[in-house]
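Heads up, the thing below is written out as structure tokens.
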Amino acid sequence: MTVVDAYAARFSEEPGYLDFPRFGPLGAAALGEERGHADLMSRARFGSLRSMEDEEERVDAAVASLIGFRPDQVVFQPSTSQALMHAMFGVTGGIAVSLDEYPSIGYGVARAAEALGVLVPHTITPDHERVTPAVVRDQMASSVVAVAVSLVDYRTGHLVDLEGIRQVIGDRLLIVDAIQGLGVVEAPWELCDVIVSGGQKWLRAGYGTGFLALSDRAREQLTPVWSGWNAIDDPLDDGPRHEILDPSPTARAFRVGYADPVAQARLAGAVEEVVAVGVPAIRERVLERASAIVALADEVGLPVSSPRDDAERAGIVVIDPPSDRVSILTAALHNHGVTATVRGGRVRFGPHASTTDETLAMLRAALAEYQASAPV
């Protein structure tokens, strides 16, 4: 058994599940953390609470090892959206953002601009639904101090060219929403100034898990607007309680209150497992499964609009059926127990390393039913 086969065996999602861009069913690592901490919290054995407090250090170190940052550059967050809010509220100046980005980016930009008046949105229009280095270069105003992009577009599956974008934006901050690729993409994370992600999709850590990672330059330039009592070093020492101190010089300046240690443990366990297996091995298996889905779509003549080149994709496969046959395809998937996302006339599939041949056979049967219903 290969390392990636052993990794895949630690998951038990039902056959037919192809919706990882929406949610990644938990595996043994995350479930073990959940159950272990539930027992700990129900009993509260003498001295056991300290281990819960240690989960913050553990999760920061795990995420740092995955993206090549230092642990003090990482802070746990309960979601991608909250991490993005921290980042957007911290920007002073213009920020370039595509009109087609996932709503959490747009709302973060809009709310920060409305509330503080120091962030200035600058929208850019993608080229055929893709944010390319050329698009950023040609549409970026001189007043822009930061550029925000998704590592993988949630609608098209397009993997953004971070190296190219870094080249055209120079020393501006590069803010990356990594949730649709983290754990299955070997990205040049060292080029990013801000990385945000949740753990409920490809990392398979469940809801309530995420992080914000900041380069040293980003920590210097971003203002920690949401900075609570435990965003300082040693908040419960014996100093005067009435004194409001400056936030930590590390990423922990962006903490507000206590985090959920169980969520931290789930994310740490899931990430540690990914690091142990290696993203390259997981990515190879995911791309192989994605290619199999593309081949099945080709067999029945369904248009595939997501990238076919491995260098331009992560794990998302998008099919654009004729508008008058979307409901027929949706019904066929339902009839054969295939879970996918249908939105805006498109069908989005997302396999993982644990996607089985049985799942692909179920998809083949669904597509055969769809094809058989075509008018003669």
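Residue numbering restarts at 1 in every chain; chains get A, B, ... in the order shown in the structure tokens, and ligands count up from 1 in that same order.
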Taking only residues of stretch 48-105 of chain A that have an atom at most 12 Å from an atom of stretch 28-40 of chain A, what is each one's shortest atom pair and its distance in Å to one decimal, using only C-alpha atoms, in chain and number order, as a Markdown table?
| residue | atom | partner | partner_atom | distance |
| --- | --- | --- | --- | --- |
| A:Ser48 | CA | A:Leu40 | CA | 7.0 |
| A:Leu49 | CA | A:Leu40 | CA | 7.9 |
| A:Arg50 | CA | A:Leu40 | CA | 10.8 |
| A:Ser51 | CA | A:Leu40 | CA | 9.4 |
| A:Met52 | CA | A:His37 | CA | 7.9 |
| A:Glu53 | CA | A:His37 | CA | 11.6 |
| A:Glu55 | CA | A:His37 | CA | 10.6 |
Extract, using only C-alpha atoms, all DNA, RNA and protein residues at most 12 Å from stretch 136-144 of chain A, discarding same-chain residues fewer than 6 positions from it, and format them as a ChimeraX atom specification.
-> /A:91-98,119-127,130,160-162,164-174
Restricted to C-alpha atoms, what would the selected residues look like written as a PDB file, in the first residue's frame?
ATOM      1  CA  VAL A  91      -5.518  47.727   4.801  1.00  0.00           C
ATOM      2  CA  THR A  92      -4.938  51.452   4.318  1.00  0.00           C
ATOM      3  CA  GLY A  93      -5.072  52.514   0.663  1.00  0.00           C
ATOM      4  CA  GLY A  94      -6.340  51.027  -2.569  1.00  0.00           C
ATOM      5  CA  ILE A  95      -7.000  47.329  -3.002  1.00  0.00           C
ATOM      6  CA  ALA A  96      -7.498  45.620  -6.362  1.00  0.00           C
ATOM      7  CA  VAL A  97     -10.113  42.845  -6.406  1.00  0.00           C
ATOM      8  CA  SER A  98     -11.875  40.984  -9.206  1.00  0.00           C
ATOM      9  CA  LEU A 119      -9.574  51.253   2.313  1.00  0.00           C
ATOM     10  CA  VAL A 120     -10.407  52.184  -1.285  1.00  0.00           C
ATOM     11  CA  PRO A 121     -11.833  49.383  -3.468  1.00  0.00           C
ATOM     12  CA  HIS A 122     -10.483  49.147  -7.007  1.00  0.00           C
ATOM     13  CA  THR A 123     -12.277  46.546  -9.106  1.00  0.00           C
ATOM     14  CA  ILE A 124     -10.684  44.641 -11.964  1.00  0.00           C
ATOM     15  CA  THR A 125     -12.514  42.688 -14.651  1.00  0.00           C
ATOM     16  CA  PRO A 126     -11.305  39.121 -15.316  1.00  0.00           C
ATOM     17  CA  ASP A 127     -10.425  37.892 -18.780  1.00  0.00           C
ATOM     18  CA  ARG A 130      -9.784  34.367 -15.103  1.00  0.00           C
ATOM     19  CA  VAL A 160      -4.175  31.498 -10.344  1.00  0.00           C
ATOM     20  CA  ASP A 161      -0.600  32.267 -11.405  1.00  0.00           C
ATOM     21  CA  LEU A 162       0.788  33.606  -8.123  1.00  0.00           C
ATOM     22  CA  GLY A 164       3.130  36.012 -12.426  1.00  0.00           C
ATOM     23  CA  ILE A 165       0.927  38.213 -10.265  1.00  0.00           C
ATOM     24  CA  ARG A 166       3.748  38.796  -7.803  1.00  0.00           C
ATOM     25  CA  GLN A 167       5.968  39.925 -10.670  1.00  0.00           C
ATOM     26  CA  VAL A 168       3.486  42.507 -11.944  1.00  0.00           C
ATOM     27  CA  ILE A 169       2.432  43.948  -8.561  1.00  0.00           C
ATOM     28  CA  GLY A 170       5.935  44.516  -7.248  1.00  0.00           C
ATOM     29  CA  ASP A 171       6.083  45.246  -3.529  1.00  0.00           C
ATOM     30  CA  ARG A 172       2.335  45.621  -3.059  1.00  0.00           C
ATOM     31  CA  LEU A 173       0.717  43.247  -0.589  1.00  0.00           C
ATOM     32  CA  LEU A 174      -0.522  39.996  -2.105  1.00  0.00           C
TER      33      LEU A 174
END
Skipping near chain neighbours, those fewer than 3 positions away, what residues fall within 7 Å of stretch 361-374 of chain A using only C-alpha atoms, listed as a list in words?
-> Gly16, Leu296, Val300, Ile328, Leu329, Ala332, Leu333, His336, Val338, Asp357 and Glu358 of chain A
May I have the selected residues written with N, CA and C atoms, as an mmCIF file, in the first residue's frame?
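Full text of again.cif as output:
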data_model
loop_
_atom_site.group_PDB
_atom_site.id
_atom_site.type_symbol
_atom_site.label_atom_id
_atom_site.label_comp_id
_atom_site.auth_asym_id
_atom_site.auth_seq_id
_atom_site.Cartn_x
_atom_site.Cartn_y
_atom_site.Cartn_z
ATOM 1 N N GLY A 16 -19.930 8.001 -4.152
ATOM 2 C CA GLY A 16 -20.710 8.987 -4.895
ATOM 3 C C GLY A 16 -20.430 10.419 -4.491
ATOM 4 N N LEU A 296 -14.920 11.092 -18.446
ATOM 5 C CA LEU A 296 -16.315 10.636 -18.440
ATOM 6 C C LEU A 296 -17.230 11.673 -19.076
ATOM 7 N N VAL A 300 -19.642 11.513 -23.022
ATOM 8 C CA VAL A 300 -21.057 11.799 -23.310
ATOM 9 C C VAL A 300 -21.238 13.175 -23.938
ATOM 10 N N ILE A 328 -32.077 17.818 -16.210
ATOM 11 C CA ILE A 328 -31.996 16.399 -16.554
ATOM 12 C C ILE A 328 -30.713 15.797 -15.994
ATOM 13 N N LEU A 329 -29.608 16.538 -16.131
ATOM 14 C CA LEU A 329 -28.339 16.057 -15.576
ATOM 15 C C LEU A 329 -28.400 16.011 -14.057
ATOM 16 N N ALA A 332 -30.267 12.955 -13.022
ATOM 17 C CA ALA A 332 -29.492 11.732 -13.230
ATOM 18 C C ALA A 332 -28.460 11.547 -12.122
ATOM 19 N N LEU A 333 -27.814 12.630 -11.723
ATOM 20 C CA LEU A 333 -26.853 12.554 -10.614
ATOM 21 C C LEU A 333 -27.568 12.121 -9.333
ATOM 22 N N HIS A 336 -28.480 8.410 -9.128
ATOM 23 C CA HIS A 336 -27.362 7.481 -8.923
ATOM 24 C C HIS A 336 -26.528 7.831 -7.694
ATOM 25 N N VAL A 338 -24.934 10.581 -6.729
ATOM 26 C CA VAL A 338 -23.710 11.369 -6.913
ATOM 27 C C VAL A 338 -23.913 12.768 -6.336
ATOM 28 N N ASP A 357 -12.965 4.114 -7.128
ATOM 29 C CA ASP A 357 -13.435 3.686 -8.442
ATOM 30 C C ASP A 357 -14.952 3.491 -8.423
ATOM 31 N N GLU A 358 -15.492 3.074 -7.293
ATOM 32 C CA GLU A 358 -16.946 2.914 -7.177
ATOM 33 C C GLU A 358 -17.647 4.246 -7.399
#
Selected residue, from A:Pro261, A:Glu272, A:Pro224, A:Gly47, that lies nearest to A:Ala61 when counting only C-alpha atoms | A:Glu272
Using only C-alpha atoms, the shortest atom-to-atom distance to A:Ala297 among A:Ala253, A:Ala9, A:Val342, A:Leu360 belongs to A:Leu360
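Excluding A:Thr223 and any residue on its chain fewer than 4 positions from it, the residues at most 9 Å away by only C-alpha atoms are His86, Ala87, Phe89, Gly90, Val91, Thr92 and Arg219 of chain A.
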Give me the residues of stretch 245-304 of chain A that have any atom at most 8 Å from an atom of stretch 184-203 of chain A; for each, the nearest atom pair and the distance in Å, rounded to one decimal. Use only C-alpha atoms, sort by chain and number, and format it as a tab-separated table.
residue	atom	partner	partner_atom	distance
A:Leu267	CA	A:Gly199	CA	6.4
A:Ala270	CA	A:Leu203	CA	6.3
A:Val271	CA	A:Leu203	CA	6.6
A:Val274	CA	A:Leu203	CA	7.6
A:Val279	CA	A:Val184	CA	5.8
A:Pro280	CA	A:Glu186	CA	6.8
A:Ile282	CA	A:Val184	CA	6.1
A:Arg283	CA	A:Val184	CA	4.7
A:Val286	CA	A:Val184	CA	7.4
Limited to N, CA and C atoms, could you put the picked residues into a file as a PDB file, in the first residue's frame?
ATOM      1  N   LEU A 267      -8.089  20.968  13.214  1.00  0.00           N
ATOM      2  CA  LEU A 267      -7.280  21.524  12.130  1.00  0.00           C
ATOM      3  C   LEU A 267      -5.830  21.059  12.239  1.00  0.00           C
ATOM      4  N   ALA A 270      -5.603  17.357  11.135  1.00  0.00           N
ATOM      5  CA  ALA A 270      -5.783  17.194   9.694  1.00  0.00           C
ATOM      6  C   ALA A 270      -4.565  17.696   8.930  1.00  0.00           C
ATOM      7  N   VAL A 271      -4.047  18.854   9.330  1.00  0.00           N
ATOM      8  CA  VAL A 271      -2.886  19.419   8.636  1.00  0.00           C
ATOM      9  C   VAL A 271      -1.649  18.564   8.862  1.00  0.00           C
ATOM     10  N   VAL A 274      -1.725  15.766   6.446  1.00  0.00           N
ATOM     11  CA  VAL A 274      -1.386  16.188   5.091  1.00  0.00           C
ATOM     12  C   VAL A 274       0.123  16.377   4.946  1.00  0.00           C
ATOM     13  N   VAL A 279       1.882  17.064   0.214  1.00  0.00           N
ATOM     14  CA  VAL A 279       0.934  17.613  -0.748  1.00  0.00           C
ATOM     15  C   VAL A 279       1.172  17.064  -2.159  1.00  0.00           C
ATOM     16  N   PRO A 280       2.419  16.881  -2.619  1.00  0.00           N
ATOM     17  CA  PRO A 280       2.616  16.356  -3.980  1.00  0.00           C
ATOM     18  C   PRO A 280       1.915  15.017  -4.217  1.00  0.00           C
ATOM     19  N   ILE A 282      -0.704  13.771  -2.589  1.00  0.00           N
ATOM     20  CA  ILE A 282      -2.156  13.977  -2.574  1.00  0.00           C
ATOM     21  C   ILE A 282      -2.596  14.636  -3.869  1.00  0.00           C
ATOM     22  N   ARG A 283      -1.846  15.646  -4.297  1.00  0.00           N
ATOM     23  CA  ARG A 283      -2.194  16.363  -5.527  1.00  0.00           C
ATOM     24  C   ARG A 283      -2.194  15.419  -6.731  1.00  0.00           C
ATOM     25  N   VAL A 286      -5.394  13.427  -6.652  1.00  0.00           N
ATOM     26  CA  VAL A 286      -6.560  14.268  -6.943  1.00  0.00           C
ATOM     27  C   VAL A 286      -6.630  14.588  -8.434  1.00  0.00           C
TER      28      VAL A 286
END
Could you pull out the residues in stretch 150-311 of chain A that DSSP calls strand (DSSP E or B) from the backbone, as a PyMOL selection string?
-> chain A and resi 150+152+158-159+173-177+194-198+210-214+304
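Each of A:Thr132, A:Thr250, A:Thr356, A:Ser12 was checked against A:Leu212 using only C-alpha atoms; the smallest atom-to-atom distance is that of A:Thr250.
Nearest-residue note for A:Arg58: choosing from A:Met41, A:Ala311, A:Ala263, A:Ala110, the minimum distance belongs to A:Ala263, counting only C-alpha atoms.
Taking atom CA of A:Ala281 and atom CA of A:Phe23 as endpoints, the distance between them is 20.8 Å.
Restricting the calculation to only C-alpha atoms, the smallest distance between A:Thr339 and any of A:Gly157, A:Pro351, A:Pro322, A:Pro71 is found for A:Pro351.
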Which residue of A:Gly68, A:Pro103, A:Pro375, A:Gly228 approaches A:Arg155 most closely, using only C-alpha atoms = A:Pro103
